[in-house]
>>> print(open('data26.pdb').read())   # PDB, N, CA and C atoms
ATOM      1  N   PRO S   1     -94.558-174.474 -24.289
ATOM      2  CA  PRO S   1     -93.835-173.910 -23.148
ATOM      3  C   PRO S   1     -93.381-172.491 -23.441
ATOM      4  N   CYS S   2     -93.306-171.713 -22.397
ATOM      5  CA  CYS S   2     -92.994-170.299 -22.545
ATOM      6  C   CYS S   2     -91.752-169.950 -21.739
ATOM      7  N   LEU S   3     -90.841-169.251 -22.364
ATOM      8  CA  LEU S   3     -89.673-168.705 -21.675
ATOM      9  C   LEU S   3     -89.988-167.285 -21.262
ATOM     10  N   THR S   4     -89.426-166.852 -20.153
ATOM     11  CA  THR S   4     -89.571-165.465 -19.734
ATOM     12  C   THR S   4     -88.188-164.867 -19.527
ATOM     13  N   ALA S   5     -88.144-163.551 -19.642
ATOM     14  CA  ALA S   5     -86.902-162.808 -19.436
ATOM     15  C   ALA S   5     -87.275-161.428 -18.919
ATOM     16  N   ASN S   6     -86.296-160.729 -18.376
ATOM     17  CA  ASN S   6     -86.595-159.393 -17.867
ATOM     18  C   ASN S   6     -86.833-158.431 -19.043
ATOM     19  N   PRO S   7     -87.516-157.333 -18.780
ATOM     20  CA  PRO S   7     -87.858-156.396 -19.862
ATOM     21  C   PRO S   7     -86.659-155.888 -20.652
ATOM     22  N   ALA S   8     -85.535-155.645 -19.992
ATOM     23  CA  ALA S   8     -84.351-155.156 -20.710
ATOM     24  C   ALA S   8     -83.843-156.196 -21.708
ATOM     25  N   THR S   9     -83.874-157.458 -21.319
ATOM     26  CA  THR S   9     -83.446-158.539 -22.212
ATOM     27  C   THR S   9     -84.370-158.630 -23.415
ATOM     28  N   ILE S  10     -85.661-158.576 -23.180
ATOM     29  CA  ILE S  10     -86.629-158.655 -24.269
ATOM     30  C   ILE S  10     -86.461-157.484 -25.237
ATOM     31  N   THR S  11     -86.269-156.298 -24.676
ATOM     32  CA  THR S  11     -86.057-155.114 -25.525
ATOM     33  C   THR S  11     -84.814-155.287 -26.380
ATOM     34  N   ARG S  12     -83.744-155.768 -25.782
ATOM     35  CA  ARG S  12     -82.490-155.948 -26.537
ATOM     36  C   ARG S  12     -82.662-156.991 -27.636
ATOM     37  N   LEU S  13     -83.338-158.093 -27.336
ATOM     38  CA  LEU S  13     -83.589-159.109 -28.355
ATOM     39  C   LEU S  13     -84.399-158.532 -29.515
ATOM     40  N   GLN S  14     -85.410-157.754 -29.189
ATOM     41  CA  GLN S  14     -86.229-157.121 -30.226
ATOM     42  C   GLN S  14     -85.394-156.195 -31.096
ATOM     43  N   GLU S  15     -84.512-155.424 -30.465
ATOM     44  CA  GLU S  15     -83.661-154.501 -31.222
ATOM     45  C   GLU S  15     -82.754-155.267 -32.184
ATOM     46  N   ILE S  16     -82.139-156.333 -31.686
ATOM     47  CA  ILE S  16     -81.230-157.124 -32.525
ATOM     48  C   ILE S  16     -81.984-157.713 -33.709
ATOM     49  N   LEU S  17     -83.134-158.300 -33.429
ATOM     50  CA  LEU S  17     -83.890-158.966 -34.495
ATOM     51  C   LEU S  17     -84.555-157.978 -35.447
ATOM     52  N   ARG S  18     -84.895-156.804 -34.953
ATOM     53  CA  ARG S  18     -85.456-155.779 -35.836
ATOM     54  C   ARG S  18     -84.400-155.329 -36.847
ATOM     55  N   SER S  19     -83.163-155.176 -36.377
ATOM     56  CA  SER S  19     -82.109-154.711 -37.272
ATOM     57  C   SER S  19     -81.602-155.819 -38.195
ATOM     58  N   ASN S  20     -81.718-157.060 -37.775
ATOM     59  CA  ASN S  20     -81.291-158.181 -38.608
ATOM     60  C   ASN S  20     -82.159-159.404 -38.288
ATOM     61  N   PRO S  21     -83.291-159.544 -38.967
ATOM     62  CA  PRO S  21     -84.228-160.630 -38.676
ATOM     63  C   PRO S  21     -83.673-162.040 -38.865
ATOM     64  N   THR S  22     -82.552-162.184 -39.548
ATOM     65  CA  THR S  22     -81.987-163.518 -39.762
ATOM     66  C   THR S  22     -80.953-163.897 -38.698
ATOM     67  N   THR S  23     -80.795-163.062 -37.673
ATOM     68  CA  THR S  23     -79.854-163.377 -36.597
ATOM     69  C   THR S  23     -80.285-164.677 -35.918
ATOM     70  N   PRO S  24     -79.377-165.643 -35.805
ATOM     71  CA  PRO S  24     -79.735-166.895 -35.136
ATOM     72  C   PRO S  24     -80.039-166.664 -33.653
ATOM     73  N   VAL S  25     -81.042-167.358 -33.162
ATOM     74  CA  VAL S  25     -81.408-167.319 -31.746
ATOM     75  C   VAL S  25     -81.281-168.746 -31.211
ATOM     76  N   THR S  26     -80.530-168.896 -30.135
ATOM     77  CA  THR S  26     -80.344-170.204 -29.519
ATOM     78  C   THR S  26     -80.773-170.127 -28.064
ATOM     79  N   VAL S  27     -81.567-171.100 -27.631
ATOM     80  CA  VAL S  27     -81.977-171.192 -26.229
ATOM     81  C   VAL S  27     -81.322-172.420 -25.637
ATOM     82  N   ASP S  28     -80.569-172.226 -24.570
ATOM     83  CA  ASP S  28     -79.922-173.321 -23.852
ATOM     84  C   ASP S  28     -80.736-173.574 -22.593
ATOM     85  N   LEU S  29     -81.521-174.658 -22.595
ATOM     86  CA  LEU S  29     -82.381-174.948 -21.451
ATOM     87  C   LEU S  29     -81.622-175.484 -20.254
ATOM     88  N   ASN S  30     -80.416-175.998 -20.470
ATOM     89  CA  ASN S  30     -79.611-176.446 -19.338
ATOM     90  C   ASN S  30     -78.993-175.256 -18.613
ATOM     91  N   ALA S  31     -78.468-174.306 -19.376
ATOM     92  CA  ALA S  31     -77.849-173.117 -18.787
ATOM     93  C   ALA S  31     -78.871-172.024 -18.507
ATOM     94  N   LEU S  32     -80.095-172.180 -19.013
ATOM     95  CA  LEU S  32     -81.153-171.171 -18.906
ATOM     96  C   LEU S  32     -80.679-169.826 -19.449
ATOM     97  N   GLN S  33     -80.222-169.878 -20.720
ATOM     98  CA  GLN S  33     -79.734-168.681 -21.395
ATOM     99  C   GLN S  33     -80.256-168.638 -22.821
ATOM    100  N   VAL S  34     -80.416-167.427 -23.324
ATOM    101  CA  VAL S  34     -80.723-167.215 -24.724
ATOM    102  C   VAL S  34     -79.539-166.483 -25.340
ATOM    103  N   GLN S  35     -79.176-166.887 -26.560
ATOM    104  CA  GLN S  35     -78.109-166.203 -27.283
ATOM    105  C   GLN S  35     -78.679-165.746 -28.613
ATOM    106  N   CYS S  36     -78.445-164.486 -28.906
ATOM    107  CA  CYS S  36     -78.906-163.881 -30.148
ATOM    108  C   CYS S  36     -77.738-163.072 -30.689
ATOM    109  N   GLY S  37     -77.096-163.600 -31.706
ATOM    110  CA  GLY S  37     -75.877-162.958 -32.184
ATOM    111  C   GLY S  37     -74.830-163.008 -31.085
ATOM    112  N   ASP S  38     -74.249-161.854 -30.751
ATOM    113  CA  ASP S  38     -73.244-161.776 -29.688
ATOM    114  C   ASP S  38     -73.856-161.527 -28.317
ATOM    115  N   PHE S  39     -75.164-161.381 -28.248
ATOM    116  CA  PHE S  39     -75.861-161.066 -26.999
ATOM    117  C   PHE S  39     -76.315-162.355 -26.313
ATOM    118  N   THR S  40     -75.981-162.497 -25.026
ATOM    119  CA  THR S  40     -76.399-163.638 -24.215
ATOM    120  C   THR S  40     -77.033-163.116 -22.946
ATOM    121  N   ALA S  41     -78.167-163.723 -22.546
ATOM    122  CA  ALA S  41     -78.869-163.270 -21.351
ATOM    123  C   ALA S  41     -79.599-164.443 -20.695
ATOM    124  N   PRO S  42     -79.891-164.315 -19.404
ATOM    125  CA  PRO S  42     -80.631-165.378 -18.714
ATOM    126  C   PRO S  42     -82.106-165.375 -19.089
ATOM    127  N   VAL S  43     -82.698-166.561 -19.071
ATOM    128  CA  VAL S  43     -84.131-166.733 -19.276
ATOM    129  C   VAL S  43     -84.654-167.675 -18.193
ATOM    130  N   SER S  44     -85.974-167.714 -18.068
ATOM    131  CA  SER S  44     -86.608-168.601 -17.089
ATOM    132  C   SER S  44     -87.656-169.455 -17.782
ATOM    133  N   ILE S  45     -87.884-170.628 -17.226
ATOM    134  CA  ILE S  45     -88.938-171.532 -17.681
ATOM    135  C   ILE S  45     -89.317-172.378 -16.481
ATOM    136  N   GLY S  46     -90.566-172.794 -16.404
ATOM    137  CA  GLY S  46     -90.983-173.671 -15.318
ATOM    138  C   GLY S  46     -90.133-174.934 -15.303
ATOM    139  N   GLU S  47     -89.771-175.385 -14.121
ATOM    140  CA  GLU S  47     -88.869-176.533 -14.014
ATOM    141  C   GLU S  47     -89.471-177.796 -14.636
ATOM    142  N   GLY S  48     -90.756-178.014 -14.472
ATOM    143  CA  GLY S  48     -91.379-179.194 -15.070
ATOM    144  C   GLY S  48     -91.281-179.169 -16.581
ATOM    145  N   SER S  49     -91.571-178.021 -17.167
ATOM    146  CA  SER S  49     -91.462-177.878 -18.624
ATOM    147  C   SER S  49     -90.027-178.047 -19.083
ATOM    148  N   ARG S  50     -89.095-177.455 -18.358
ATOM    149  CA  ARG S  50     -87.675-177.562 -18.724
ATOM    150  C   ARG S  50     -87.233-179.022 -18.716
ATOM    151  N   GLN S  51     -87.597-179.740 -17.661
ATOM    152  CA  GLN S  51     -87.187-181.146 -17.572
ATOM    153  C   GLN S  51     -87.816-181.989 -18.675
ATOM    154  N   GLN S  52     -89.087-181.751 -18.960
ATOM    155  CA  GLN S  52     -89.737-182.521 -20.016
ATOM    156  C   GLN S  52     -89.084-182.262 -21.371
ATOM    157  N   LEU S  53     -88.750-181.016 -21.648
ATOM    158  CA  LEU S  53     -88.109-180.698 -22.925
ATOM    159  C   LEU S  53     -86.699-181.263 -23.005
ATOM    160  N   THR S  54     -85.926-181.160 -21.932
ATOM    161  CA  THR S  54     -84.548-181.643 -21.972
ATOM    162  C   THR S  54     -84.472-183.165 -21.912
ATOM    163  N   ASN S  55     -85.496-183.808 -21.337
ATOM    164  CA  ASN S  55     -85.504-185.267 -21.260
ATOM    165  C   ASN S  55     -86.248-185.915 -22.425
ATOM    166  N   GLY S  56     -86.855-185.086 -23.277
ATOM    167  CA  GLY S  56     -87.587-185.631 -24.414
ATOM    168  C   GLY S  56     -88.909-186.270 -24.037
ATOM    169  N   THR S  57     -89.500-185.838 -22.929
ATOM    170  CA  THR S  57     -90.760-186.433 -22.476
ATOM    171  C   THR S  57     -91.910-185.444 -22.566
ATOM    172  N   TRP S  58     -91.824-184.480 -23.480
ATOM    173  CA  TRP S  58     -92.872-183.466 -23.601
ATOM    174  C   TRP S  58     -94.124-184.122 -24.172
ATOM    175  N   ASP S  59     -95.029-184.454 -23.289
ATOM    176  CA  ASP S  59     -96.295-185.084 -23.662
ATOM    177  C   ASP S  59     -97.270-184.772 -22.536
ATOM    178  N   ALA S  60     -97.902-183.608 -22.618
ATOM    179  CA  ALA S  60     -98.768-183.143 -21.535
ATOM    180  C   ALA S  60     -99.889-184.134 -21.235
ATOM    181  N   CYS S  61    -100.541-184.651 -22.252
ATOM    182  CA  CYS S  61    -101.628-185.617 -22.024
ATOM    183  C   CYS S  61    -101.078-186.903 -21.410
ATOM    184  N   GLY S  62     -99.950-187.350 -21.909
ATOM    185  CA  GLY S  62     -99.325-188.553 -21.361
ATOM    186  C   GLY S  62     -98.956-188.380 -19.900
ATOM    187  N   GLN S  63     -98.489-187.200 -19.533
ATOM    188  CA  GLN S  63     -98.147-186.930 -18.135
ATOM    189  C   GLN S  63     -99.386-186.958 -17.250
ATOM    190  N   LEU S  64    -100.485-186.416 -17.747
ATOM    191  CA  LEU S  64    -101.735-186.443 -16.976
ATOM    192  C   LEU S  64    -102.213-187.875 -16.764
ATOM    193  N   VAL S  65    -102.170-188.673 -17.816
ATOM    194  CA  VAL S  65    -102.614-190.062 -17.717
ATOM    195  C   VAL S  65    -101.680-190.865 -16.811
ATOM    196  N   ALA S  66    -100.383-190.662 -16.948
ATOM    197  CA  ALA S  66     -99.416-191.391 -16.132
ATOM    198  C   ALA S  66     -99.542-191.050 -14.654
ATOM    199  N   ASN S  67    -100.039-189.862 -14.357
ATOM    200  CA  ASN S  67    -100.189-189.412 -12.972
ATOM    201  C   ASN S  67    -101.662-189.187 -12.633
ATOM    202  N   LEU S  68    -102.517-190.111 -13.097
ATOM    203  CA  LEU S  68    -103.954-189.937 -12.995
ATOM    204  C   LEU S  68    -104.436-189.737 -11.555
ATOM    205  N   ALA S  69    -103.911-190.497 -10.618
ATOM    206  CA  ALA S  69    -104.351-190.355  -9.226
ATOM    207  C   ALA S  69    -104.067-188.942  -8.718
ATOM    208  N   GLN S  70    -102.873-188.443  -8.962
ATOM    209  CA  GLN S  70    -102.509-187.098  -8.527
ATOM    210  C   GLN S  70    -103.329-186.050  -9.281
ATOM    211  N   THR S  71    -103.583-186.305 -10.561
ATOM    212  CA  THR S  71    -104.398-185.390 -11.365
ATOM    213  C   THR S  71    -105.800-185.273 -10.783
ATOM    214  N   LYS S  72    -106.389-186.411 -10.366
ATOM    215  CA  LYS S  72    -107.732-186.401  -9.776
ATOM    216  C   LYS S  72    -107.765-185.643  -8.456
ATOM    217  N   VAL S  73    -106.729-185.805  -7.635
ATOM    218  CA  VAL S  73    -106.659-185.081  -6.357
ATOM    219  C   VAL S  73    -106.606-183.580  -6.604
ATOM    220  N   THR S  74    -105.766-183.163  -7.539
ATOM    221  CA  THR S  74    -105.648-181.737  -7.858
ATOM    222  C   THR S  74    -106.949-181.212  -8.455
ATOM    223  N   ALA S  75    -107.544-181.963  -9.371
ATOM    224  CA  ALA S  75    -108.781-181.531 -10.021
ATOM    225  C   ALA S  75    -109.918-181.386  -9.001
ATOM    226  N   ALA S  76    -109.953-182.256  -8.008
ATOM    227  CA  ALA S  76    -111.012-182.204  -6.990
ATOM    228  C   ALA S  76    -110.951-180.915  -6.174
ATOM    229  N   LYS S  77    -109.800-180.286  -6.122
ATOM    230  CA  LYS S  77    -109.620-179.038  -5.364
ATOM    231  C   LYS S  77    -110.019-177.812  -6.184
ATOM    232  N   LEU S  78    -110.238-177.998  -7.468
ATOM    233  CA  LEU S  78    -110.552-176.870  -8.358
ATOM    234  C   LEU S  78    -112.065-176.706  -8.482
ATOM    235  N   PRO S  79    -112.570-175.532  -8.181
ATOM    236  CA  PRO S  79    -114.021-175.347  -8.197
ATOM    237  C   PRO S  79    -114.648-175.428  -9.591
ATOM    238  N   TYR S  80    -113.855-175.314 -10.626
ATOM    239  CA  TYR S  80    -114.389-175.297 -11.984
ATOM    240  C   TYR S  80    -114.243-176.648 -12.703
ATOM    241  N   VAL S  81    -113.807-177.693 -11.995
ATOM    242  CA  VAL S  81    -113.676-179.016 -12.590
ATOM    243  C   VAL S  81    -114.629-179.957 -11.865
ATOM    244  N   ALA S  82    -115.524-180.582 -12.598
ATOM    245  CA  ALA S  82    -116.447-181.536 -12.016
ATOM    246  C   ALA S  82    -116.137-182.920 -12.546
ATOM    247  N   TRP S  83    -115.964-183.872 -11.654
ATOM    248  CA  TRP S  83    -115.685-185.264 -12.061
ATOM    249  C   TRP S  83    -116.945-186.030 -12.139
TER     250      TRP S  83
END
>>> encode(input="data26.pdb", output="structure tokens")
Amino acid sequence: PCLTANPATITRLQEILRSNPTTPVTVDLNALQVQCGDFTAPVSIGEGSRQQLTNGTWDACGQLVANLAQTKVTAAKLPYVAW
């Protein structure tokens, strides 16, 4: 899963970590925030990924199998997937 942030936030995080690479970084997926030293900023993540990580159900293959009917419907709409 990938978190995103605005360019200013990313630049600030890079500056902090460049000056002190051992600075702890904490991501709060419930609050959608990253904390690096004294700096705190908002981050984004897809809601499905966030829920899977916070609920402990991160299993992409398992999710596909558990939702096989829906997966087949979606795949049938994709021109590059042949069943």
>>> residues_around(input="data26.pdb", residues="region 9-14 of chain S", least_positions_apart="3", cutoff="8 Å", atoms="only N, CA and C atoms", output="list in words")
Thr4, Ala5, Asn6, Leu17, Arg18, Ser19, Asn20, Cys36, Phe39, Thr40, Ala41 and Pro42 of chain S
>>> atom_distance(input="data26.pdb", atom1="CA of Pro7 (chain S)", atom2="atom C of Arg50 (chain S)")
22.7 Å
>>> closest_residue(input="data26.pdb", among="S:Gln63, S:Thr71, S:Gln52, S:Gln35", to="Ile16 (chain S)", atoms="only C-alpha atoms")
S:Gln35
>>> atom_distance(input="data26.pdb", atom1="CA of Gln51 (chain S)", atom2="CA of Asn30 (chain S)")
9.1 Å
>>> select_by_dssp(input="data26.pdb", residues="chain S", states="alpha helix (DSSP H)", output="ChimeraX atom specification")
/S:7-19,47-55,60-66,68-76
>>> axis_aligned_box(input="data26.pdb", around="region 63-70 of chain S", padding_each_side="4 Å", output="lines of an AutoDock Vina configuration file")
center_x = -101.3
center_y = -188.7
center_z = -14.0
size_x = 14.3
size_y = 13.3
size_z = 19.0
>>> select_by_dssp(input="data26.pdb", residues="chain S", states="strand (DSSP E)", output="mmCIF file with N, CA and C atoms, in the frame of the given file")
data_model
loop_
_atom_site.group_PDB
_atom_site.id
_atom_site.type_symbol
_atom_site.label_atom_id
_atom_site.label_comp_id
_atom_site.auth_asym_id
_atom_site.auth_seq_id
_atom_site.Cartn_x
_atom_site.Cartn_y
_atom_site.Cartn_z
ATOM 1 N N VAL S 25 -81.042 -167.358 -33.162
ATOM 2 C CA VAL S 25 -81.408 -167.319 -31.746
ATOM 3 C C VAL S 25 -81.281 -168.746 -31.211
ATOM 4 N N THR S 26 -80.530 -168.896 -30.135
ATOM 5 C CA THR S 26 -80.344 -170.204 -29.519
ATOM 6 C C THR S 26 -80.773 -170.127 -28.064
ATOM 7 N N VAL S 27 -81.567 -171.100 -27.631
ATOM 8 C CA VAL S 27 -81.977 -171.192 -26.229
ATOM 9 C C VAL S 27 -81.322 -172.420 -25.637
ATOM 10 N N ASP S 28 -80.569 -172.226 -24.570
ATOM 11 C CA ASP S 28 -79.922 -173.321 -23.852
ATOM 12 C C ASP S 28 -80.736 -173.574 -22.593
ATOM 13 N N GLN S 33 -80.222 -169.878 -20.720
ATOM 14 C CA GLN S 33 -79.734 -168.681 -21.395
ATOM 15 C C GLN S 33 -80.256 -168.638 -22.821
ATOM 16 N N VAL S 34 -80.416 -167.427 -23.324
ATOM 17 C CA VAL S 34 -80.723 -167.215 -24.724
ATOM 18 C C VAL S 34 -79.539 -166.483 -25.340
ATOM 19 N N GLN S 35 -79.176 -166.887 -26.560
ATOM 20 C CA GLN S 35 -78.109 -166.203 -27.283
ATOM 21 C C GLN S 35 -78.679 -165.746 -28.613
ATOM 22 N N CYS S 36 -78.445 -164.486 -28.906
ATOM 23 C CA CYS S 36 -78.906 -163.881 -30.148
ATOM 24 C C CYS S 36 -77.738 -163.072 -30.689
ATOM 25 N N PHE S 39 -75.164 -161.381 -28.248
ATOM 26 C CA PHE S 39 -75.861 -161.066 -26.999
ATOM 27 C C PHE S 39 -76.315 -162.355 -26.313
ATOM 28 N N THR S 40 -75.981 -162.497 -25.026
ATOM 29 C CA THR S 40 -76.399 -163.638 -24.215
ATOM 30 C C THR S 40 -77.033 -163.116 -22.946
ATOM 31 N N ALA S 41 -78.167 -163.723 -22.546
ATOM 32 C CA ALA S 41 -78.869 -163.270 -21.351
ATOM 33 C C ALA S 41 -79.599 -164.443 -20.695
ATOM 34 N N PRO S 42 -79.891 -164.315 -19.404
ATOM 35 C CA PRO S 42 -80.631 -165.378 -18.714
ATOM 36 C C PRO S 42 -82.106 -165.375 -19.089
#
>>> build_atoms(input="data26.pdb", residues="region 55-69 of chain S", atoms="N, CA, C and O atoms", output="mmCIF file, in the frame of the given file")
data_model
loop_
_atom_site.group_PDB
_atom_site.id
_atom_site.type_symbol
_atom_site.label_atom_id
_atom_site.label_comp_id
_atom_site.auth_asym_id
_atom_site.auth_seq_id
_atom_site.Cartn_x
_atom_site.Cartn_y
_atom_site.Cartn_z
ATOM 1 N N ASN S 55 -85.496 -183.808 -21.337
ATOM 2 C CA ASN S 55 -85.504 -185.267 -21.260
ATOM 3 C C ASN S 55 -86.248 -185.915 -22.425
ATOM 4 O O ASN S 55 -86.318 -187.136 -22.511
ATOM 5 N N GLY S 56 -86.855 -185.086 -23.277
ATOM 6 C CA GLY S 56 -87.587 -185.631 -24.414
ATOM 7 C C GLY S 56 -88.909 -186.270 -24.037
ATOM 8 O O GLY S 56 -89.389 -187.159 -24.733
ATOM 9 N N THR S 57 -89.500 -185.838 -22.929
ATOM 10 C CA THR S 57 -90.760 -186.433 -22.476
ATOM 11 C C THR S 57 -91.910 -185.444 -22.566
ATOM 12 O O THR S 57 -92.879 -185.553 -21.824
ATOM 13 N N TRP S 58 -91.824 -184.480 -23.480
ATOM 14 C CA TRP S 58 -92.872 -183.466 -23.601
ATOM 15 C C TRP S 58 -94.124 -184.122 -24.172
ATOM 16 O O TRP S 58 -94.244 -184.346 -25.362
ATOM 17 N N ASP S 59 -95.029 -184.454 -23.289
ATOM 18 C CA ASP S 59 -96.295 -185.084 -23.662
ATOM 19 C C ASP S 59 -97.270 -184.772 -22.536
ATOM 20 O O ASP S 59 -97.428 -185.552 -21.601
ATOM 21 N N ALA S 60 -97.902 -183.608 -22.618
ATOM 22 C CA ALA S 60 -98.768 -183.143 -21.535
ATOM 23 C C ALA S 60 -99.889 -184.134 -21.235
ATOM 24 O O ALA S 60 -100.149 -184.449 -20.068
ATOM 25 N N CYS S 61 -100.541 -184.651 -22.252
ATOM 26 C CA CYS S 61 -101.628 -185.617 -22.024
ATOM 27 C C CYS S 61 -101.078 -186.903 -21.410
ATOM 28 O O CYS S 61 -101.681 -187.465 -20.490
ATOM 29 N N GLY S 62 -99.950 -187.350 -21.909
ATOM 30 C CA GLY S 62 -99.325 -188.553 -21.361
ATOM 31 C C GLY S 62 -98.956 -188.380 -19.900
ATOM 32 O O GLY S 62 -99.102 -189.314 -19.099
ATOM 33 N N GLN S 63 -98.489 -187.200 -19.533
ATOM 34 C CA GLN S 63 -98.147 -186.930 -18.135
ATOM 35 C C GLN S 63 -99.386 -186.958 -17.250
ATOM 36 O O GLN S 63 -99.358 -187.465 -16.137
ATOM 37 N N LEU S 64 -100.485 -186.416 -17.747
ATOM 38 C CA LEU S 64 -101.735 -186.443 -16.976
ATOM 39 C C LEU S 64 -102.213 -187.875 -16.764
ATOM 40 O O LEU S 64 -102.605 -188.265 -15.664
ATOM 41 N N VAL S 65 -102.170 -188.673 -17.816
ATOM 42 C CA VAL S 65 -102.614 -190.062 -17.717
ATOM 43 C C VAL S 65 -101.680 -190.865 -16.811
ATOM 44 O O VAL S 65 -102.131 -191.651 -15.970
ATOM 45 N N ALA S 66 -100.383 -190.662 -16.948
ATOM 46 C CA ALA S 66 -99.416 -191.391 -16.132
ATOM 47 C C ALA S 66 -99.542 -191.050 -14.654
ATOM 48 O O ALA S 66 -99.185 -191.858 -13.791
ATOM 49 N N ASN S 67 -100.039 -189.862 -14.357
ATOM 50 C CA ASN S 67 -100.189 -189.412 -12.972
ATOM 51 C C ASN S 67 -101.662 -189.187 -12.633
ATOM 52 O O ASN S 67 -102.020 -188.229 -11.975
ATOM 53 N N LEU S 68 -102.517 -190.111 -13.097
ATOM 54 C CA LEU S 68 -103.954 -189.937 -12.995
ATOM 55 C C LEU S 68 -104.436 -189.737 -11.555
ATOM 56 O O LEU S 68 -105.275 -188.871 -11.296
ATOM 57 N N ALA S 69 -103.911 -190.497 -10.618
ATOM 58 C CA ALA S 69 -104.351 -190.355 -9.226
ATOM 59 C C ALA S 69 -104.067 -188.942 -8.718
ATOM 60 O O ALA S 69 -104.940 -188.308 -8.106
#
